[in-house]
Amino acid sequence: MKSLFWMLLPLSLVGCASQEASEALARAEAAYLSVKDDSDVLRAAPKDVVRSGESLGRAERFAGYWGSADDVAHYAYLSERYAQIAREHTDLVEGQARQTRLTMERDRLRLALQEARLLTAEQQGRWLEDQMMALAATETDRGLVMTLGDVLFQAGSAQLSPSANRTLLRLVRFLNLNPKRTIRIEGYSDNRGQAAQNLELSRLRAQAVADFLADLGIDPARMIVQGYGEQYPLTENASARGRAQNRRVEIVFSDAQGTLAPSR
Amino acid sequence: MNHRNALFLLTACTLLVACATDPVPDEQLRLTRQAIEQAEAVGGTDEVAELALARNKTAQAEAAVQDGDNKRARLLAEQAELDARLAEAKVLTQKSDEQIAELTRRIARLRQQLGDLQ
């Protein structure tokens with residue numbers, strides 16, 4: 001009878017303690033179960049899954065012995081922790097992959113925004129240039145025409161004077177912003193002196209403008225140069241003032257698609 | 001004392017001796033402290049429950065070594081190491097989540113700005 005008591009005492013102690021231990025064991029089993037077949041977890045944290053399984057195995061083996069409730073609880077705890085760590089690492093790896101995708105998307109959007117802003121600035125610039133050219137040029141039956149007056153050339157020569165720079169630079173900007181537009185550069189003179197010389201001078205002046213534009217990067221293929229000499233005067237050649245008005249270079253613009261009105 | 005009781009006492013003594021001869025878990029304590037330091041290095045504080053737990057158990061393990069209870073010290077230190085490792089992983093995941101939230105905000109703003117332009 002006495003020996004039976006000695007045998008039952010430790011048994012009841014084990015029974016008490018193992019209540020806690022078996023709960024820990026159940027939690028660990030559930031935690032391990034949730035990671036052991038998850039391919040994402042196995043890829044992200046294979047070692048932690050293996051350790052979770054090993055610790056769980058140890059806890060289960062201890063559960064078969066009397067008096068080892070502490071060890072059962074301990075290894076169950078470790079197993080559950082390993083499973084939690086494995087899960088956390090998996091979340092981290094997934095988060096990093098997502099960050100990479102989002103970073104790429106952000107960079108792509110940044111570029112797109114920059115381009116959109118540039119485009120808008122360019123469109124604004126184009127609109128402004130259009131306005132400026134519209135002010136400087138006149139709408140005629142030959143299309144839009146801009147007149148470069150006699151004062152932009154040195155007297156009796158095809159040499160452009162420095163005061164022409166401003167007007168011609170504006171023309172360059174306009175042509176850069178409107179890459180499809182082409183121009184015809186037409187030279188005119190008054191009727192003093194020989195007609196052949198006047199024709200030559202008018203052509204040379206028109207050519208001087210074309211050269212200036214080409215130097216600044218306008219494709220010569222977009223320009224047609226033509227000298228008209230004494231033809232098509234704007235006004236009477238009777239007065240000095242009238243003659244000055246007739247000595248000129250006219251720039252005829254094509255439409256936006258590059259179609260020029262036929263030459264005279 | 002009958003024969004059976006003698007055998008039981010002998011077994012109990014053997015078990016006690018086995019407990020007493022557990023070595024001081026110096027190596028495990030070193031690993032545990034290292035894991036705690038690592039969790040701290042990535043920005044973990046006591047606000048992370050697992051890190052507070054790890055520190056607490058490490059202190060208990062050190063006390064157990066003082067008391068000569070080396071087995072208890074080892075178990076506590078082993079648990080504390082994993083507590084700290086879990087804490088570290090949680091801190092990293094949380095940071096990653098914050099970065100994702102920030103990126104998502106930025107992307108939404110960029111999209112809106114693009115929409116405003118078009």
# chains A, B, ... in the order shown; residues from 1 in each chain; ligands from 1
call {"tool": "interface_residues", "arguments": {"of": "chain A", "to": "chain B", "cutoff": "8 Å", "atoms": "only C-alpha atoms", "output": "count of residues only"}}
result
27
call {"tool": "residues_around", "arguments": {"residues": "Gly229 of chain A", "least_positions_apart": "2", "cutoff": "12 Å", "atoms": "only C-alpha atoms", "output": "compact mmCIF listing (two decimals) with N, CA and C atoms, in the first residue's frame"}}
result
# COMPACT_ATOMS: atom_id res chain seq x y z
N GLU A 186 13.00 84.77 -99.40
CA GLU A 186 12.93 85.51 -100.68
C GLU A 186 13.60 86.86 -100.54
N GLY A 187 14.53 87.17 -101.47
CA GLY A 187 15.20 88.47 -101.46
C GLY A 187 14.59 89.42 -102.49
N TYR A 188 14.49 90.70 -102.10
CA TYR A 188 13.94 91.73 -103.01
C TYR A 188 14.83 92.96 -102.96
N SER A 189 14.79 93.75 -104.04
CA SER A 189 15.59 94.98 -104.06
C SER A 189 14.73 96.14 -104.62
N ASP A 190 15.32 97.36 -104.62
CA ASP A 190 14.63 98.47 -105.29
C ASP A 190 15.03 98.46 -106.77
N ASN A 191 14.67 99.50 -107.48
CA ASN A 191 14.93 99.45 -108.92
C ASN A 191 16.08 100.35 -109.36
N ARG A 192 16.90 100.81 -108.38
CA ARG A 192 18.04 101.63 -108.78
C ARG A 192 19.19 100.72 -109.20
N GLY A 193 19.95 101.20 -110.22
CA GLY A 193 21.07 100.41 -110.71
C GLY A 193 20.59 99.34 -111.68
N GLN A 194 21.55 98.39 -111.97
CA GLN A 194 21.25 97.39 -112.98
C GLN A 194 20.40 96.26 -112.40
N ALA A 195 19.45 95.85 -113.20
CA ALA A 195 18.52 94.81 -112.75
C ALA A 195 19.25 93.52 -112.38
N ALA A 196 20.28 93.14 -113.17
CA ALA A 196 21.00 91.89 -112.91
C ALA A 196 21.73 91.95 -111.57
N GLN A 197 22.33 93.13 -111.28
CA GLN A 197 23.02 93.28 -109.98
C GLN A 197 22.03 93.24 -108.83
N ASN A 198 20.87 93.91 -109.07
CA ASN A 198 19.85 93.90 -108.04
C ASN A 198 19.36 92.47 -107.74
N LEU A 199 19.18 91.71 -108.82
CA LEU A 199 18.75 90.31 -108.65
C LEU A 199 19.78 89.54 -107.85
N GLU A 200 21.06 89.75 -108.20
CA GLU A 200 22.14 89.03 -107.51
C GLU A 200 22.19 89.40 -106.04
N LEU A 201 22.08 90.72 -105.76
CA LEU A 201 22.14 91.16 -104.37
C LEU A 201 20.96 90.59 -103.56
N SER A 202 19.78 90.61 -104.19
CA SER A 202 18.60 90.10 -103.46
C SER A 202 18.78 88.61 -103.15
N ARG A 203 19.35 87.85 -104.05
CA ARG A 203 19.57 86.43 -103.83
C ARG A 203 20.63 86.21 -102.74
N LEU A 204 21.70 87.04 -102.80
CA LEU A 204 22.78 86.91 -101.81
C LEU A 204 22.28 87.24 -100.40
N ARG A 205 21.39 88.22 -100.32
CA ARG A 205 20.85 88.57 -99.00
C ARG A 205 20.00 87.42 -98.45
N ALA A 206 19.17 86.85 -99.32
CA ALA A 206 18.35 85.72 -98.89
C ALA A 206 19.25 84.56 -98.47
N GLN A 226 15.49 82.14 -102.65
CA GLN A 226 15.10 82.66 -103.95
C GLN A 226 15.33 84.17 -104.01
N GLY A 227 15.93 84.65 -105.11
CA GLY A 227 16.09 86.10 -105.30
C GLY A 227 15.10 86.60 -106.34
N GLN A 231 11.48 92.75 -108.78
CA GLN A 231 10.07 92.35 -108.91
C GLN A 231 9.32 92.49 -107.59
N TYR A 232 8.02 92.53 -107.71
CA TYR A 232 7.11 92.57 -106.56
C TYR A 232 7.46 93.64 -105.54
N PRO A 233 7.62 94.90 -105.93
CA PRO A 233 7.87 95.94 -104.93
C PRO A 233 6.68 96.08 -103.99
N ASN A 246 11.24 98.64 -100.14
CA ASN A 246 11.29 97.56 -101.13
C ASN A 246 12.53 96.68 -101.00
N ARG A 247 13.59 97.24 -100.40
CA ARG A 247 14.79 96.40 -100.17
C ARG A 247 14.53 95.58 -98.91
N ARG A 248 14.31 94.30 -99.09
CA ARG A 248 13.87 93.49 -97.95
C ARG A 248 14.11 92.01 -98.21
N VAL A 249 14.06 91.23 -97.15
CA VAL A 249 14.03 89.76 -97.27
C VAL A 249 12.74 89.29 -96.62
call {"tool": "closest_residue", "arguments": {"among": "A:Ala21, A:Ala86, A:Ala44, A:Leu118", "to": "Asp70 of chain A", "atoms": "only C-alpha atoms"}}
result
A:Ala21
call {"tool": "residues_around", "arguments": {"residues": "Glu40 of chain B", "least_positions_apart": "2", "cutoff": "10 Å", "atoms": "only C-alpha atoms", "output": "PyMOL selection string"}}
result
chain B and resi 34-38+42-46+51+84+87-88+91
call {"tool": "residues_around", "arguments": {"residues": "Glu250 of chain A", "least_positions_apart": "3", "cutoff": "6 Å", "atoms": "only C-alpha atoms", "output": "list in words"}}
result
Met146, Thr147, Ile185 and Glu186 of chain A
call {"tool": "select_by_dssp", "arguments": {"residues": "segment 47-177 of chain A", "states": "helix (DSSP H, G or I)", "output": "ChimeraX atom specification"}}
result
/A:47-62,69-136,150-152,164-177
call {"tool": "atom_distance", "arguments": {"atom1": "atom CA of Leu169 of chain A", "atom2": "atom CA of Ile251 of chain A"}}
result
13.8 Å
call {"tool": "atom_distance", "arguments": {"atom1": "atom CA of Ala73 of chain B", "atom2": "atom CA of Val72 of chain A"}}
result
16.3 Å
call {"tool": "decode", "arguments": {"residues": "segment 58-74 of chain B", "atoms": "all heavy atoms", "output": "compact mmCIF listing (two decimals), in the first residue's frame"}}
result
# COMPACT_ATOMS: atom_id res chain seq x y z
N THR B 58 17.11 36.59 -20.03
CA THR B 58 18.58 36.56 -19.92
C THR B 58 19.00 36.91 -18.48
O THR B 58 19.90 36.26 -17.91
CB THR B 58 19.22 37.55 -20.91
OG1 THR B 58 18.71 37.27 -22.21
CG2 THR B 58 20.72 37.42 -20.93
N ALA B 59 18.34 37.92 -17.93
CA ALA B 59 18.64 38.29 -16.54
C ALA B 59 18.33 37.12 -15.60
O ALA B 59 19.12 36.80 -14.70
CB ALA B 59 17.82 39.52 -16.14
N GLN B 60 17.20 36.45 -15.86
CA GLN B 60 16.85 35.28 -15.03
C GLN B 60 17.86 34.16 -15.19
O GLN B 60 18.21 33.49 -14.22
CB GLN B 60 15.47 34.76 -15.44
CG GLN B 60 14.30 35.58 -14.94
CD GLN B 60 12.97 34.91 -15.32
OE1 GLN B 60 12.76 33.74 -15.03
NE2 GLN B 60 12.12 35.66 -15.99
N ALA B 61 18.35 33.99 -16.44
CA ALA B 61 19.34 32.94 -16.70
C ALA B 61 20.63 33.24 -15.95
O ALA B 61 21.25 32.35 -15.35
CB ALA B 61 19.60 32.84 -18.20
N GLU B 62 21.03 34.51 -15.96
CA GLU B 62 22.26 34.89 -15.25
C GLU B 62 22.09 34.66 -13.75
O GLU B 62 23.02 34.18 -13.08
CB GLU B 62 22.59 36.36 -15.54
CG GLU B 62 23.23 36.52 -16.92
CD GLU B 62 23.11 37.94 -17.49
OE1 GLU B 62 22.42 38.77 -16.88
OE2 GLU B 62 23.72 38.19 -18.55
N ALA B 63 20.89 34.98 -13.23
CA ALA B 63 20.62 34.73 -11.81
C ALA B 63 20.68 33.23 -11.51
O ALA B 63 21.20 32.81 -10.47
CB ALA B 63 19.26 35.30 -11.42
N ALA B 64 20.15 32.42 -12.46
CA ALA B 64 20.16 30.97 -12.25
C ALA B 64 21.58 30.42 -12.21
O ALA B 64 21.88 29.51 -11.44
CB ALA B 64 19.35 30.30 -13.36
N VAL B 65 22.46 31.01 -13.04
CA VAL B 65 23.87 30.60 -13.00
C VAL B 65 24.44 30.89 -11.62
O VAL B 65 25.15 30.06 -11.02
CB VAL B 65 24.70 31.32 -14.08
CG1 VAL B 65 26.19 31.07 -13.88
CG2 VAL B 65 24.27 30.87 -15.47
N GLN B 66 24.11 32.06 -11.07
CA GLN B 66 24.58 32.43 -9.72
C GLN B 66 24.10 31.43 -8.69
O GLN B 66 24.83 31.07 -7.77
CB GLN B 66 24.07 33.84 -9.35
CG GLN B 66 24.64 34.96 -10.19
CD GLN B 66 26.16 35.06 -10.08
OE1 GLN B 66 26.70 35.08 -8.97
NE2 GLN B 66 26.83 35.09 -11.21
N ASP B 67 22.83 30.96 -8.90
CA ASP B 67 22.26 30.00 -7.96
C ASP B 67 22.77 28.58 -8.21
O ASP B 67 22.38 27.66 -7.48
CB ASP B 67 20.72 30.00 -8.08
CG ASP B 67 20.13 31.33 -7.66
OD1 ASP B 67 20.86 32.11 -7.02
OD2 ASP B 67 18.96 31.60 -8.00
N GLY B 68 23.55 28.40 -9.24
CA GLY B 68 24.07 27.08 -9.54
C GLY B 68 23.09 26.21 -10.31
O GLY B 68 23.34 25.03 -10.53
N ASP B 69 21.95 26.77 -10.73
CA ASP B 69 20.97 26.00 -11.50
C ASP B 69 21.26 26.15 -12.98
O ASP B 69 20.63 26.92 -13.70
CB ASP B 69 19.56 26.49 -11.16
CG ASP B 69 18.49 25.53 -11.69
OD1 ASP B 69 18.84 24.66 -12.53
OD2 ASP B 69 17.32 25.67 -11.28
N ASN B 70 22.25 25.40 -13.44
CA ASN B 70 22.74 25.59 -14.80
C ASN B 70 21.75 25.14 -15.86
O ASN B 70 21.70 25.70 -16.95
CB ASN B 70 24.07 24.84 -14.98
CG ASN B 70 25.17 25.53 -14.20
OD1 ASN B 70 25.05 26.70 -13.85
ND2 ASN B 70 26.23 24.79 -13.91
N LYS B 71 20.96 24.12 -15.53
CA LYS B 71 20.01 23.64 -16.53
C LYS B 71 18.96 24.71 -16.80
O LYS B 71 18.67 25.05 -17.94
CB LYS B 71 19.34 22.35 -16.08
CG LYS B 71 18.43 21.83 -17.18
CD LYS B 71 17.58 20.67 -16.81
CE LYS B 71 16.62 20.37 -17.97
NZ LYS B 71 15.67 19.31 -17.66
N ARG B 72 18.44 25.27 -15.70
CA ARG B 72 17.44 26.33 -15.83
C ARG B 72 18.03 27.52 -16.61
O ARG B 72 17.39 28.11 -17.47
CB ARG B 72 16.98 26.76 -14.44
CG ARG B 72 15.85 27.75 -14.45
CD ARG B 72 15.33 27.99 -13.02
NE ARG B 72 14.96 29.38 -12.80
CZ ARG B 72 13.85 29.93 -13.28
NH1 ARG B 72 13.01 29.20 -13.98
NH2 ARG B 72 13.59 31.22 -13.06
N ALA B 73 19.29 27.81 -16.31
CA ALA B 73 19.97 28.91 -16.99
C ALA B 73 20.03 28.64 -18.50
O ALA B 73 19.76 29.53 -19.32
CB ALA B 73 21.38 29.09 -16.44
N ARG B 74 20.34 27.39 -18.84
CA ARG B 74 20.46 27.06 -20.26
C ARG B 74 19.11 27.16 -20.98
O ARG B 74 19.01 27.76 -22.05
CB ARG B 74 21.02 25.64 -20.43
CG ARG B 74 21.13 25.18 -21.89
CD ARG B 74 21.79 23.82 -22.01
NE ARG B 74 21.07 22.78 -21.30
CZ ARG B 74 20.00 22.14 -21.79
NH1 ARG B 74 19.53 22.46 -22.98
NH2 ARG B 74 19.41 21.20 -21.09
